[in-house]
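structure_4.cif follows; it contains mmCIF, C-alpha atoms.
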data_query
loop_
_atom_site.group_PDB
_atom_site.id
_atom_site.type_symbol
_atom_site.label_atom_id
_atom_site.label_comp_id
_atom_site.auth_asym_id
_atom_site.auth_seq_id
_atom_site.Cartn_x
_atom_site.Cartn_y
_atom_site.Cartn_z
ATOM 1 C CA MET E 44 80.521 44.345 148.657
ATOM 2 C CA ARG E 45 78.702 47.019 150.606
ATOM 3 C CA MET E 46 81.221 47.952 153.295
ATOM 4 C CA ASP E 47 81.134 51.752 153.041
ATOM 5 C CA ASP E 48 79.257 52.219 156.321
ATOM 6 C CA TYR E 49 81.102 49.509 158.222
ATOM 7 C CA ARG E 50 83.374 50.521 161.084
ATOM 8 C CA HIS E 51 87.173 50.235 160.965
ATOM 9 C CA SER E 52 89.086 47.835 163.149
ATOM 10 C CA ASP E 53 91.460 49.132 165.807
ATOM 11 C CA ASN E 54 93.615 46.007 165.377
ATOM 12 C CA ILE E 55 95.540 47.012 162.248
ATOM 13 C CA GLU E 56 99.327 47.463 162.252
ATOM 14 C CA ASP E 57 100.735 49.140 159.159
ATOM 15 C CA ARG E 58 104.422 48.259 158.856
ATOM 16 C CA ARG E 59 104.764 49.173 155.206
ATOM 17 C CA GLY E 60 107.020 52.096 156.096
ATOM 18 C CA SER E 61 109.622 49.775 157.612
ATOM 19 C CA ARG E 62 112.839 48.999 155.792
ATOM 20 C CA MET E 63 116.147 47.155 156.057
ATOM 21 C CA SER E 64 118.296 49.726 157.833
ATOM 22 C CA GLY E 65 121.942 50.250 156.903
ATOM 23 C CA GLY E 66 121.710 48.330 153.634
ATOM 24 C CA GLY E 67 121.837 44.914 155.215
ATOM 25 C CA VAL E 68 120.201 42.356 157.444
ATOM 26 C CA ARG E 69 121.278 42.003 161.054
ATOM 27 C CA LEU E 70 121.795 38.366 161.959
ATOM 28 C CA GLY E 71 123.016 37.022 165.289
ATOM 29 C CA GLY E 72 124.781 40.240 166.221
ATOM 30 C CA GLY E 73 126.436 40.741 162.808
ATOM 31 C CA ARG E 74 125.442 42.434 159.595
ATOM 32 C CA LEU E 75 125.503 41.175 156.035
ATOM 33 C CA GLY E 76 125.932 43.558 153.149
ATOM 34 C CA LEU E 77 123.887 43.644 149.978
ATOM 35 C CA GLY E 78 126.626 41.814 148.044
ATOM 36 C CA THR E 79 126.448 38.842 150.370
ATOM 37 C CA ILE E 80 122.670 38.894 150.206
ATOM 38 C CA ALA E 81 122.831 38.856 146.398
ATOM 39 C CA ILE E 82 125.109 35.814 146.505
ATOM 40 C CA ALA E 83 122.692 34.117 148.871
ATOM 41 C CA LEU E 84 119.767 34.808 146.544
ATOM 42 C CA VAL E 85 121.607 33.281 143.595
ATOM 43 C CA ALA E 86 122.652 30.280 145.653
ATOM 44 C CA SER E 87 119.128 29.791 146.946
ATOM 45 C CA TYR E 88 117.791 29.757 143.374
ATOM 46 C CA PHE E 89 119.991 26.842 142.376
ATOM 47 C CA LEU E 90 119.708 25.017 145.696
ATOM 48 C CA GLY E 91 115.939 25.414 145.808
ATOM 49 C CA VAL E 92 115.871 26.651 149.401
ATOM 50 C CA ASN E 93 114.695 29.780 151.166
ATOM 51 C CA PRO E 94 117.259 32.574 150.614
ATOM 52 C CA LEU E 95 116.941 33.523 154.295
ATOM 53 C CA THR E 96 118.177 30.024 155.144
ATOM 54 C CA VAL E 97 121.274 30.572 153.018
ATOM 55 C CA ILE E 98 121.837 34.014 154.552
ATOM 56 C CA ASN E 99 121.454 32.526 158.000
ATOM 57 C CA MET E 100 124.091 29.892 157.232
ATOM 58 C CA LEU E 101 126.505 32.528 155.939
ATOM 59 C CA ALA E 102 125.975 34.552 159.098
ATOM 60 C CA GLY E 103 126.631 31.637 161.388
ATOM 61 C CA GLY E 104 123.075 31.123 162.587
ATOM 62 C CA GLY E 105 120.460 33.236 164.310
ATOM 63 C CA MET E 106 116.982 34.345 163.396
ATOM 64 C CA PRO E 107 116.798 37.189 160.884
ATOM 65 C CA ALA E 108 115.313 40.343 162.350
ATOM 66 C CA ILE E 109 114.246 43.423 160.467
ATOM 67 C CA GLU E 110 114.998 46.789 161.963
ATOM 68 C CA GLN E 111 111.947 48.954 161.521
ATOM 69 C CA GLN E 112 112.275 52.549 160.540
ATOM 70 C CA ALA E 113 109.130 53.579 162.363
ATOM 71 C CA PRO E 114 106.654 51.989 164.756
ATOM 72 C CA ALA E 115 103.563 50.339 163.335
ATOM 73 C CA ALA E 116 100.665 52.691 162.731
ATOM 74 C CA ALA E 117 97.114 52.747 161.424
ATOM 75 C CA PRO E 118 96.828 52.697 157.618
ATOM 76 C CA PRO E 119 96.398 56.085 155.921
ATOM 77 C CA VAL E 120 92.842 57.178 155.161
ATOM 78 C CA ASP E 121 93.689 57.682 151.477
ATOM 79 C CA ASP E 122 94.592 53.998 151.021
ATOM 80 C CA PRO E 123 91.309 52.380 149.933
ATOM 81 C CA THR E 124 92.598 48.793 149.944
ATOM 82 C CA ALA E 125 94.007 49.079 153.454
ATOM 83 C CA GLN E 126 90.824 50.746 154.639
ATOM 84 C CA PHE E 127 88.777 47.957 153.088
ATOM 85 C CA VAL E 128 90.874 45.324 154.847
ATOM 86 C CA SER E 129 90.374 47.192 158.112
ATOM 87 C CA LYS E 130 86.606 47.009 157.658
ATOM 88 C CA VAL E 131 86.739 43.317 156.771
ATOM 89 C CA LEU E 132 88.755 42.642 159.914
ATOM 90 C CA ALA E 133 86.176 44.586 161.939
ATOM 91 C CA SER E 134 83.432 42.400 160.478
ATOM 92 C CA THR E 135 85.299 39.248 161.524
ATOM 93 C CA GLU E 136 85.581 40.689 165.025
ATOM 94 C CA ASP E 137 81.833 41.260 165.200
ATOM 95 C CA THR E 138 81.042 37.836 163.783
ATOM 96 C CA TRP E 139 83.396 35.803 165.951
ATOM 97 C CA ASN E 140 82.714 37.761 169.137
ATOM 98 C CA THR E 141 79.061 36.803 168.692
ATOM 99 C CA ALA E 142 79.824 33.190 167.749
ATOM 100 C CA PHE E 143 82.138 32.691 170.723
ATOM 101 C CA ARG E 144 79.533 34.098 173.109
ATOM 102 C CA GLU E 145 77.103 31.548 171.711
ATOM 103 C CA MET E 146 79.656 28.857 172.585
ATOM 104 C CA GLY E 147 80.114 30.248 176.088
ATOM 105 C CA ARG E 148 83.616 31.471 175.273
ATOM 106 C CA GLN E 149 85.363 34.829 174.963
ATOM 107 C CA TYR E 150 86.890 35.757 171.632
ATOM 108 C CA GLN E 151 90.359 37.316 171.577
ATOM 109 C CA GLU E 152 90.654 39.572 168.553
ATOM 110 C CA PRO E 153 93.790 39.109 166.432
ATOM 111 C CA LYS E 154 95.958 41.865 165.029
ATOM 112 C CA LEU E 155 96.351 42.222 161.274
ATOM 113 C CA VAL E 156 99.738 43.403 160.023
ATOM 114 C CA LEU E 157 100.205 45.098 156.665
ATOM 115 C CA PHE E 158 103.771 44.748 155.416
ATOM 116 C CA SER E 159 105.904 44.833 152.291
ATOM 117 C CA GLY E 160 108.790 42.499 151.542
ATOM 118 C CA LEU E 161 109.899 41.159 154.906
ATOM 119 C CA THR E 162 108.683 41.559 158.462
ATOM 120 C CA PRO E 163 109.582 39.976 161.816
ATOM 121 C CA THR E 164 107.014 37.667 163.389
ATOM 122 C CA ALA E 165 106.917 35.303 166.343
ATOM 123 C CA CYS E 166 107.002 32.496 163.751
ATOM 124 C CA GLY E 167 110.180 33.712 162.031
ATOM 125 C CA THR E 168 110.676 36.197 159.230
ATOM 126 C CA GLY E 169 107.532 36.748 157.180
ATOM 127 C CA GLN E 170 107.973 37.207 153.438
ATOM 128 C CA SER E 171 105.626 38.566 150.804
ATOM 129 C CA ALA E 172 106.333 35.486 148.686
ATOM 130 C CA MET E 173 104.645 33.350 151.346
ATOM 131 C CA GLY E 174 101.305 34.994 150.682
ATOM 132 C CA PRO E 175 98.974 35.917 153.568
ATOM 133 C CA PHE E 176 99.547 33.850 156.708
ATOM 134 C CA TYR E 177 98.627 33.575 160.381
ATOM 135 C CA CYS E 178 101.184 33.263 163.176
ATOM 136 C CA PRO E 179 99.805 31.639 166.340
ATOM 137 C CA GLY E 180 102.883 32.731 168.305
ATOM 138 C CA ASP E 181 101.806 36.368 168.274
ATOM 139 C CA GLN E 182 98.167 35.845 167.193
ATOM 140 C CA LYS E 183 98.587 38.070 164.151
ATOM 141 C CA VAL E 184 97.526 37.839 160.523
ATOM 142 C CA TYR E 185 100.152 39.071 158.049
ATOM 143 C CA ILE E 186 99.436 40.265 154.532
ATOM 144 C CA ASP E 187 101.223 42.136 151.779
ATOM 145 C CA LEU E 188 98.427 43.878 149.896
ATOM 146 C CA SER E 189 100.211 43.222 146.605
ATOM 147 C CA PHE E 190 98.788 39.711 146.944
ATOM 148 C CA PHE E 191 95.406 41.106 145.927
ATOM 149 C CA ARG E 192 96.901 42.342 142.668
ATOM 150 C CA GLU E 193 98.388 38.889 142.144
ATOM 151 C CA MET E 194 94.978 37.343 142.761
ATOM 152 C CA LYS E 195 93.498 39.498 140.033
ATOM 153 C CA GLU E 196 96.276 39.289 137.466
ATOM 154 C CA LYS E 197 97.806 35.842 138.028
ATOM 155 C CA PHE E 198 94.955 33.816 139.520
ATOM 156 C CA ARG E 199 92.104 35.578 137.678
ATOM 157 C CA ALA E 200 90.231 36.003 140.953
ATOM 158 C CA PRO E 201 89.178 39.668 141.188
ATOM 159 C CA GLY E 202 86.568 41.247 143.424
ATOM 160 C CA GLU E 203 86.317 42.608 146.943
ATOM 161 C CA PHE E 204 84.641 39.508 148.361
ATOM 162 C CA ALA E 205 87.521 37.430 146.996
ATOM 163 C CA GLN E 206 89.888 39.680 148.945
ATOM 164 C CA ALA E 207 87.686 39.489 152.025
ATOM 165 C CA TYR E 208 87.686 35.679 151.771
ATOM 166 C CA VAL E 209 91.486 35.687 152.042
ATOM 167 C CA VAL E 210 91.381 37.749 155.239
ATOM 168 C CA ALA E 211 88.534 35.668 156.679
ATOM 169 C CA HIS E 212 90.444 32.441 155.940
ATOM 170 C CA GLU E 213 93.465 33.620 157.925
ATOM 171 C CA VAL E 214 91.213 34.778 160.769
ATOM 172 C CA GLY E 215 89.736 31.277 160.586
ATOM 173 C CA HIS E 216 93.171 29.965 161.546
ATOM 174 C CA HIS E 217 93.065 32.289 164.554
ATOM 175 C CA VAL E 218 89.726 30.789 165.544
ATOM 176 C CA GLN E 219 91.269 27.307 165.245
ATOM 177 C CA HIS E 220 94.152 28.431 167.442
ATOM 178 C CA LEU E 221 91.846 29.806 170.143
ATOM 179 C CA LEU E 222 89.838 26.584 170.180
ATOM 180 C CA GLY E 223 92.975 24.431 170.464
ATOM 181 C CA ILE E 224 92.421 22.752 167.109
ATOM 182 C CA SER E 225 95.683 23.950 165.558
ATOM 183 C CA ASP E 226 97.773 22.654 168.472
ATOM 184 C CA GLN E 227 96.117 19.245 168.277
ATOM 185 C CA VAL E 228 96.796 19.033 164.559
ATOM 186 C CA GLN E 229 100.409 20.131 164.999
ATOM 187 C CA ARG E 230 101.028 17.426 167.617
ATOM 188 C CA ALA E 231 99.457 14.818 165.353
ATOM 189 C CA ARG E 232 101.538 15.981 162.382
ATOM 190 C CA GLN E 233 104.756 15.635 164.372
ATOM 191 C CA GLN E 234 103.975 11.971 164.983
ATOM 192 C CA ALA E 235 102.874 11.214 161.425
ATOM 193 C CA GLY E 236 104.670 10.466 158.191
ATOM 194 C CA GLU E 237 104.873 13.050 155.435
ATOM 195 C CA LYS E 238 101.781 11.868 153.585
ATOM 196 C CA GLU E 239 99.664 11.726 156.741
ATOM 197 C CA ALA E 240 101.011 15.089 157.922
ATOM 198 C CA ASN E 241 100.046 16.672 154.606
ATOM 199 C CA ALA E 242 96.559 15.171 154.862
ATOM 200 C CA LEU E 243 96.123 16.719 158.321
ATOM 201 C CA SER E 244 97.212 20.095 156.952
ATOM 202 C CA VAL E 245 94.586 19.806 154.221
ATOM 203 C CA ARG E 246 91.863 19.201 156.806
ATOM 204 C CA LEU E 247 93.041 22.205 158.822
ATOM 205 C CA GLU E 248 93.040 24.477 155.761
ATOM 206 C CA LEU E 249 89.641 23.295 154.541
ATOM 207 C CA GLN E 250 88.199 23.966 157.970
ATOM 208 C CA ALA E 251 89.570 27.518 157.754
ATOM 209 C CA ASP E 252 87.826 27.838 154.369
ATOM 210 C CA CYS E 253 84.589 26.662 155.967
ATOM 211 C CA LEU E 254 85.024 29.161 158.816
ATOM 212 C CA ALA E 255 85.508 31.905 156.222
ATOM 213 C CA GLY E 256 82.177 30.843 154.747
ATOM 214 C CA VAL E 257 80.550 31.001 158.195
ATOM 215 C CA TRP E 258 81.898 34.548 158.550
ATOM 216 C CA GLY E 259 80.499 35.519 155.132
ATOM 217 C CA LYS E 260 77.021 34.215 155.906
ATOM 218 C CA ARG E 261 76.799 35.649 159.412
ATOM 219 C CA THR E 262 78.180 39.035 158.388
ATOM 220 C CA ASP E 263 75.754 39.297 155.494
ATOM 221 C CA ASN E 264 72.877 38.375 157.807
ATOM 222 C CA MET E 265 73.933 41.097 160.247
ATOM 223 C CA ALA E 266 74.886 43.899 157.851
ATOM 224 C CA ASN E 267 73.646 42.938 154.366
ATOM 225 C CA ILE E 268 77.091 43.398 152.816
ATOM 226 C CA LEU E 269 76.892 41.176 149.729
ATOM 227 C CA ASP E 270 75.997 42.116 146.181
ATOM 228 C CA PRO E 271 74.980 39.683 143.419
ATOM 229 C CA GLY E 272 78.081 37.913 142.202
ATOM 230 C CA ASP E 273 80.064 38.306 145.429
ATOM 231 C CA LEU E 274 79.685 34.666 146.431
ATOM 232 C CA GLN E 275 80.945 33.531 143.046
ATOM 233 C CA ALA E 276 83.960 35.822 143.412
ATOM 234 C CA ALA E 277 84.907 34.091 146.663
ATOM 235 C CA LEU E 278 84.410 30.653 145.122
ATOM 236 C CA THR E 279 86.584 31.660 142.174
ATOM 237 C CA ALA E 280 89.314 32.738 144.586
ATOM 238 C CA ALA E 281 89.062 29.459 146.519
ATOM 239 C CA ALA E 282 89.358 27.502 143.273
ATOM 240 C CA ALA E 283 92.286 29.605 142.037
ATOM 241 C CA ILE E 284 94.457 28.667 145.022
ATOM 242 C CA GLY E 285 93.597 24.963 145.116
ATOM 243 C CA ASP E 286 96.667 22.736 145.292
ATOM 244 C CA ASP E 287 95.797 20.904 142.093
ATOM 245 C CA ARG E 288 95.513 24.084 140.060
ATOM 246 C CA LEU E 289 98.660 25.605 141.538
ATOM 247 C CA GLN E 290 100.651 22.421 140.950
ATOM 248 C CA GLN E 291 99.412 22.140 137.374
ATOM 249 C CA GLN E 292 100.453 25.726 136.692
ATOM 250 C CA ALA E 293 103.836 25.388 138.395
ATOM 251 C CA GLN E 294 105.013 21.931 137.366
ATOM 252 C CA GLY E 295 102.569 20.638 134.780
ATOM 253 C CA ARG E 296 101.396 17.716 136.914
ATOM 254 C CA ILE E 297 99.326 17.075 140.021
ATOM 255 C CA VAL E 298 100.587 15.144 143.062
ATOM 256 C CA PRO E 299 97.618 14.710 145.439
ATOM 257 C CA GLU E 300 99.663 13.193 148.277
ATOM 258 C CA SER E 301 101.657 16.419 148.472
ATOM 259 C CA PHE E 302 98.568 18.617 148.871
ATOM 260 C CA THR E 303 98.626 20.819 151.991
ATOM 261 C CA HIS E 304 95.587 23.063 151.375
ATOM 262 C CA GLY E 305 93.139 20.973 149.365
ATOM 263 C CA SER E 306 92.000 20.812 145.763
ATOM 264 C CA SER E 307 90.062 23.586 144.056
ATOM 265 C CA GLU E 308 86.861 21.566 144.309
ATOM 266 C CA GLN E 309 87.387 20.884 148.011
ATOM 267 C CA ARG E 310 88.174 24.497 148.843
ATOM 268 C CA MET E 311 85.081 25.744 147.043
ATOM 269 C CA ARG E 312 82.872 23.082 148.590
ATOM 270 C CA TRP E 313 83.959 23.682 152.167
ATOM 271 C CA PHE E 314 83.670 27.452 151.849
ATOM 272 C CA LYS E 315 80.197 26.970 150.396
ATOM 273 C CA ARG E 316 79.301 24.593 153.223
ATOM 274 C CA GLY E 317 80.170 27.227 155.810
ATOM 275 C CA PHE E 318 78.415 29.941 153.838
ATOM 276 C CA ASP E 319 75.222 27.955 153.282
ATOM 277 C CA SER E 320 74.894 26.978 156.938
ATOM 278 C CA GLY E 321 76.497 29.858 158.840
ATOM 279 C CA ASP E 322 77.138 27.158 161.431
ATOM 280 C CA PHE E 323 80.554 26.482 162.957
ATOM 281 C CA ASN E 324 79.472 22.914 163.726
ATOM 282 C CA GLN E 325 79.234 22.186 160.004
ATOM 283 C CA CYS E 326 82.985 22.787 159.658
ATOM 284 C CA ASN E 327 84.270 19.556 161.219
ATOM 285 C CA THR E 328 86.795 18.340 158.673
ATOM 286 C CA PHE E 329 88.352 15.952 161.198
ATOM 287 C CA ASN E 330 85.538 13.413 161.457
ATOM 288 C CA ASN E 331 87.458 10.785 159.450
ATOM 289 C CA ARG E 332 85.030 10.985 156.567
ATOM 290 C CA PRO E 333 86.350 11.641 153.049
ATOM 291 C CA LEU E 334 86.841 15.304 152.285
#
Starting from the coordinates I provided, produce the structure as structure tokens.
Amino acid sequence: MRMDDYRHSDNIEDRRGSRMSGGGVRLGGGRLGLGTIAIALVASYFLGVNPLTVINMLAGGGMPAIEQQAPAAAPPVDDPTAQFVSKVLASTEDTWNTAFREMGRQYQEPKLVLFSGLTPTACGTGQSAMGPFYCPGDQKVYIDLSFFREMKEKFRAPGEFAQAYVVAHEVGHHVQHLLGISDQVQRARQQAGEKEANALSVRLELQADCLAGVWGKRTDNMANILDPGDLQAALTAAAAIGDDRLQQQAQGRIVPESFTHGSSEQRMRWFKRGFDSGDFNQCNTFNNRPL
């Protein structure tokens, strides 16, 4: 990708200097030591539940909160990956500000939070193990940059445009939130059975993939950022995190009714649809037609 001359976003929060203060996690007014946390981690492994859930039970309830050592700041200039992410976020701001004006709307730019390990969010405690995610409660995208290394080494999806696709996908969820799509889907999911709720999640995620494609096309048209092979890198990344491939790797079998993000083929196809058209209107995954 050719992003060297692109501006940096002002909407980056670097929390990677934060830590668990005092050797424990403060929960509901109390504090748990590292020994208790270790027990909770072991218990969570055998119970198959989130370790924070176990810790919360041991503490008597309450939402975990991380005490930050220092306030969030801009990423250091000698961190090329963080600087790259800042430029990608800036490009999404330019793209979606323009697209929203075309729709007669005003775009509200999200914040992007860089963190390591754990971080507090309006949606609960964010964890690196969750991968990148968007929280509509605070309108922030959260990412541990070690995920990019995992993409390269575990998912065999290297390349800057693959990394940019991940950021653009999460910003796509922000776009869905601003347009009220996410809230509609959430209400429908609450009234649906598990299979139907999963199917709605798939449609939401595939639309975010399509919106990432729209970003890629529009940004390239505006700033000529793509090199030969960049599109394939993004498609490889989309395929690598398809539910079918992840399930096959994790459990040796595929259970389509449990999909929440879409198959590899679907994720590639919807990203490509957005990229080929550059048109938000081509990203309607909720028209009751097969995906």
- Item | Given all atoms listed in the file as the counted atoms, nearest of E:Asp181, E:Glu300, E:Asp270, E:Glu248 to E:Gln219 | E:Glu248
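Every residue that the PyMOL selection byres ((chain E and resi 228) around 10) selects in this file is listed here: Gln219, Gly223, Ile224, Ser225, Asp226, Gln227, Gln229, Arg230, Ala231, Arg232, Gln233, Ala240, Leu243, Ser244, Arg246, Leu247 and Phe329 of chain E.
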- Message: Quick check on the file I pasted: which residues fall under the PyMOL selection byres ((chain E and resi 210) around 12)? Write them as JSON, numbers by chain.
- Response: {"E": [125, 127, 128, 129, 130, 131, 132, 133, 134, 135, 136, 153, 154, 155, 156, 157, 174, 175, 176, 177, 183, 184, 185, 186, 187, 188, 190, 191, 203, 204, 205, 206, 207, 208, 209, 211, 212, 213, 214, 215, 216, 217, 251, 252, 254, 255, 256, 258, 259, 277, 280]}
- Query: Between atom CA of E:Val257 and atom CA of E:Asp322, what is the distance, to one decimal in Å?
  - Reply: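 Distance reported for this atom pair: 6.1 Å.
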- Task: Give as a list in words every residue, naming chains and numbers as the document does, that has an atom within 9 Å of (101.0, 29.4, 168.8), counting only C-alpha atoms.
- Result: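 Protein and nucleic acid residues near the point are Ala165, Cys166, Cys178, Pro179, Gly180, Asp181, Gln182, His220, Ser225 and Asp226 of chain E.
Across E:Leu249, E:Ala283, E:Leu222, E:Met146, the tightest approach to E:Glu196 is made by E:Ala283 when counting only C-alpha atoms.
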- Message: Counting only C-alpha atoms, I want the residues whose atoms come within 7 Å of (82.9, 44.0, 149.0) in the file frame, returned as a list in words.
- Response: Met44, Arg45, Met46, Glu203, Phe204, Ile268 and Leu269 of chain E
- Message: Just want the 8 Å neighbourhood of E:Cys326, counted on all atoms listed in the file, with same-chain residues fewer than 4 positions away dropped. Output as a PyMOL selection string.
- Response: chain E and resi 250+253-254+313+316-317+322
- Query: At what distance in Å, to one decimal, does atom CA of E:Leu161 lie from atom CA of E:Arg58?
  - Reply: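 Computing it gives 9.8 Å between the two atoms.
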- Pick the closest to E:Gln275 from E:Ala235, E:Ala293, E:Val218, E:Ala200: which is it, counting only C-alpha atoms?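 Residue with the minimum atom-to-atom distance to E:Gln275: E:Ala200.
Closest approach to E:Glu152 among E:Gln292, E:Glu237, E:Gly60, E:Leu221 is made by E:Leu221 (distances from all atoms listed in the file).
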- Message: When you count only C-alpha atoms, which of these residues is closest to E:Gly305: E:Val245, E:Ile284, E:Ala172, E:Leu278?
- Response: E:Val245
- Message: To one decimal place in Å, what is the distance between atom CA of E:Tyr49 and atom CA of E:Pro201?
- Response: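 Separation between atom CA of E:Tyr49 and atom CA of E:Pro201: 21.3 Å.
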First collect every listed atom of stretch 182-198 of chain E; then fit an axis-aligned box around them, widen it by 4 Å on each side, and give centre and edge lengths in Å to one decimal, as AutoDock Vina command-line options.
--center_x 97.4 --center_y 38.8 --center_z 152.3 --size_x 15.7 --size_y 18.1 --size_z 37.7
